[in-house]
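This report refers to the structure that appears directly beneath it.
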Amino acid sequence: MKYPISFHLNGKIVSLEVSTQETLLDALRQRLGLTGAKEACNEGNCGACTVLLNSAPVYACMVLAVEVDGSAVETVEGMEGEELHPLQKALIDQHGLQCGYCSPGILLTAQALLAHNSRPNKTQIREALAGNLCRCTGYTDIIKAVQVASRARR
Ligand code: FES
Ligand code: FES
């Protein structure tokens, strides 16, 4: 059985019919063609699929599509603009990515952090990003990138 849902996706209203088992991650990637949120563990352990749901980071693999009816969802595609978002620029400049698989989730989690705390210290950044695993960078440069981006936003 399919259920109609409607939600804001990166600022635009999207309407879909979804099954009760369909995850938000599958809806984004397979139905809407937004592949920025990555599928990795698919069981809520890695953060590669992180999106913002009503401005808070969530694992899209652990959210059912029917649950976002009436909500606002932001994906990394929503950061696109004429210029790189300060967080994207800082992640590149500070060498905070290698394969890039974790990067969309890290960018969105960091964006949510900076929305609430414009000057996070290293500990606060580490705590915020604790649910976003990176197998390449060792995290130090990611932390540095978030700090650089926080200064650029002021
Ligand atoms: S793919 Fe969703 S947490 Fe790993
Ligand atoms: S850059 Fe490869 S997993 Fe983070």
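Chain lettering (A, B, ...) mirrors the order of the structure tokens, residue numbering begins at 1 for each chain separately, and ligand numbering begins at 1 in order of display.
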message: What does the list of residues within 12 Å of ligand 2 look like if you count only C-alpha atoms and all ligand atoms, written as a VMD selection string?
response: chain A and resid 38 40 46 to 48 91 to 92 95 to 107 129 132 to 142
message: For ligand 1, return the neighbouring residues as a ChimeraX atom specification (distance at most 7 Å; only C-alpha atoms and all ligand atoms).
response: /A:38-50,59-62
- prompt: Could you name the residues that touch range 73-81 of chain A at 7 Å or less, counting only C-alpha atoms, but leaving out those on the same chain fewer than 5 positions away, as a ChimeraX atom specification?
  reply: /A:8-10,36-37,51-54,104,108
field: Option closest in space to Ala90 in chain A, from A:Val148, A:Ile143, A:Ile13, A:Val58 [counting only C-alpha atoms]
entry: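 Residue with the minimum atom-to-atom distance to Ala90 in chain A: A:Val148.
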message: Please extract the residues of chain A with a backbone DSSP assignment of alpha helix (DSSP H) and present them as a VMD selection string.
response: chain A and resid 24 to 26 86 to 93 103 to 116 122 to 128 140 to 153
Contacts of Pro120 in chain A within 12 Å, only C-alpha atoms, excl. fewer than 3 positions in-chain, as a list in words: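 Contacts, with the query itself left out: Ala110, Gln111, Ala112, Leu113, Leu114, Ala115, His116, Asn117, Thr123, Gln124, Ile125, Arg126, Glu127, Ala128, Leu129, Ile143, Lys144, Ala145, Val146, Gln147, Val148, Ala149, Ser150 and Arg151 of chain A.
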message: Residues within 10 Å of Ser15 in chain A, please, as a VMD selection string. Count only C-alpha atoms; anything in the same chain fewer than 3 positions from it doesn't count.
response: chain A and resid 4 to 9 12 18 69
Pull C-alpha atoms from the residues just selected and write them as a PDB file, in the first residue's frame.
ATOM      1  CA  PRO A   4       0.956  10.182  -0.267  1.00  0.00           C
ATOM      2  CA  ILE A   5       3.453  12.436   1.471  1.00  0.00           C
ATOM      3  CA  SER A   6       4.459  16.005   0.901  1.00  0.00           C
ATOM      4  CA  PHE A   7       7.466  17.759   2.397  1.00  0.00           C
ATOM      5  CA  HIS A   8       9.918  20.588   1.839  1.00  0.00           C
ATOM      6  CA  LEU A   9      13.122  19.319   0.264  1.00  0.00           C
ATOM      7  CA  LYS A  12      10.936  23.158  -2.506  1.00  0.00           C
ATOM      8  CA  VAL A  18       5.697   5.879  -0.643  1.00  0.00           C
ATOM      9  CA  ASP A  69       5.343  14.121   5.706  1.00  0.00           C
TER      10      ASP A  69
END
message: Nearest residue to Val14 in chain A out of A:Ser55, A:Leu64, A:Asp93, A:Gly70, using only C-alpha atoms?
response: A:Gly70
task: Just give me the gap between CA of Arg29 in chain A and CA of Lys89 in chain A in Å, one decimal is fine.
output: 24.5 Å
- request: Could you please determine the separation between CA of Gln94 in chain A and CA of Ala56 in chain A in Å, to one decimal place?
  value: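 Between CA of Gln94 in chain A and CA of Ala56 in chain A the gap works out to 25.1 Å.
Here the strand (DSSP E or B) residues in range 29-142 of chain A, by DSSP on the backbone, are Thr50, Val51, Leu52, Leu53, Ala56, Pro57, Val58, Tyr59, Leu64, Ala72, Val73 and Glu74 of chain A.
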Could you save those same residues with C-alpha atoms as a JSON list (two decimals), in the first residue's frame?
[["chain", "number", "residue", "atom", "x", "y", "z"],
["A", 50, "THR", "CA", 23.00, 12.12, 7.30],
["A", 51, "VAL", "CA", 20.45, 14.73, 6.23],
["A", 52, "LEU", "CA", 18.76, 17.50, 8.19],
["A", 53, "LEU", "CA", 15.19, 16.88, 9.27],
["A", 56, "ALA", "CA", 18.47, 18.49, 13.03],
["A", 57, "PRO", "CA", 20.86, 15.83, 11.70],
["A", 58, "VAL", "CA", 19.29, 12.39, 11.26],
["A", 59, "TYR", "CA", 20.37, 9.16, 9.65],
["A", 64, "LEU", "CA", 10.86, 6.12, 7.13],
["A", 72, "ALA", "CA", 11.56, 20.08, 6.06],
["A", 73, "VAL", "CA", 14.44, 17.97, 4.76],
["A", 74, "GLU", "CA", 17.81, 19.35, 3.70]]
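For the atom pair formed by CA of Gln88 in chain A and CA of Ala152 in chain A, the distance is 11.6 Å, given to one decimal.
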- request: May I ask which of the residues A:Asn121, A:Arg31, A:Thr20, A:Gly11 is the closest one to Val66 in chain A, counting only C-alpha atoms?
  value: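 Of all the options, A:Thr20 lies closest to Val66 in chain A.
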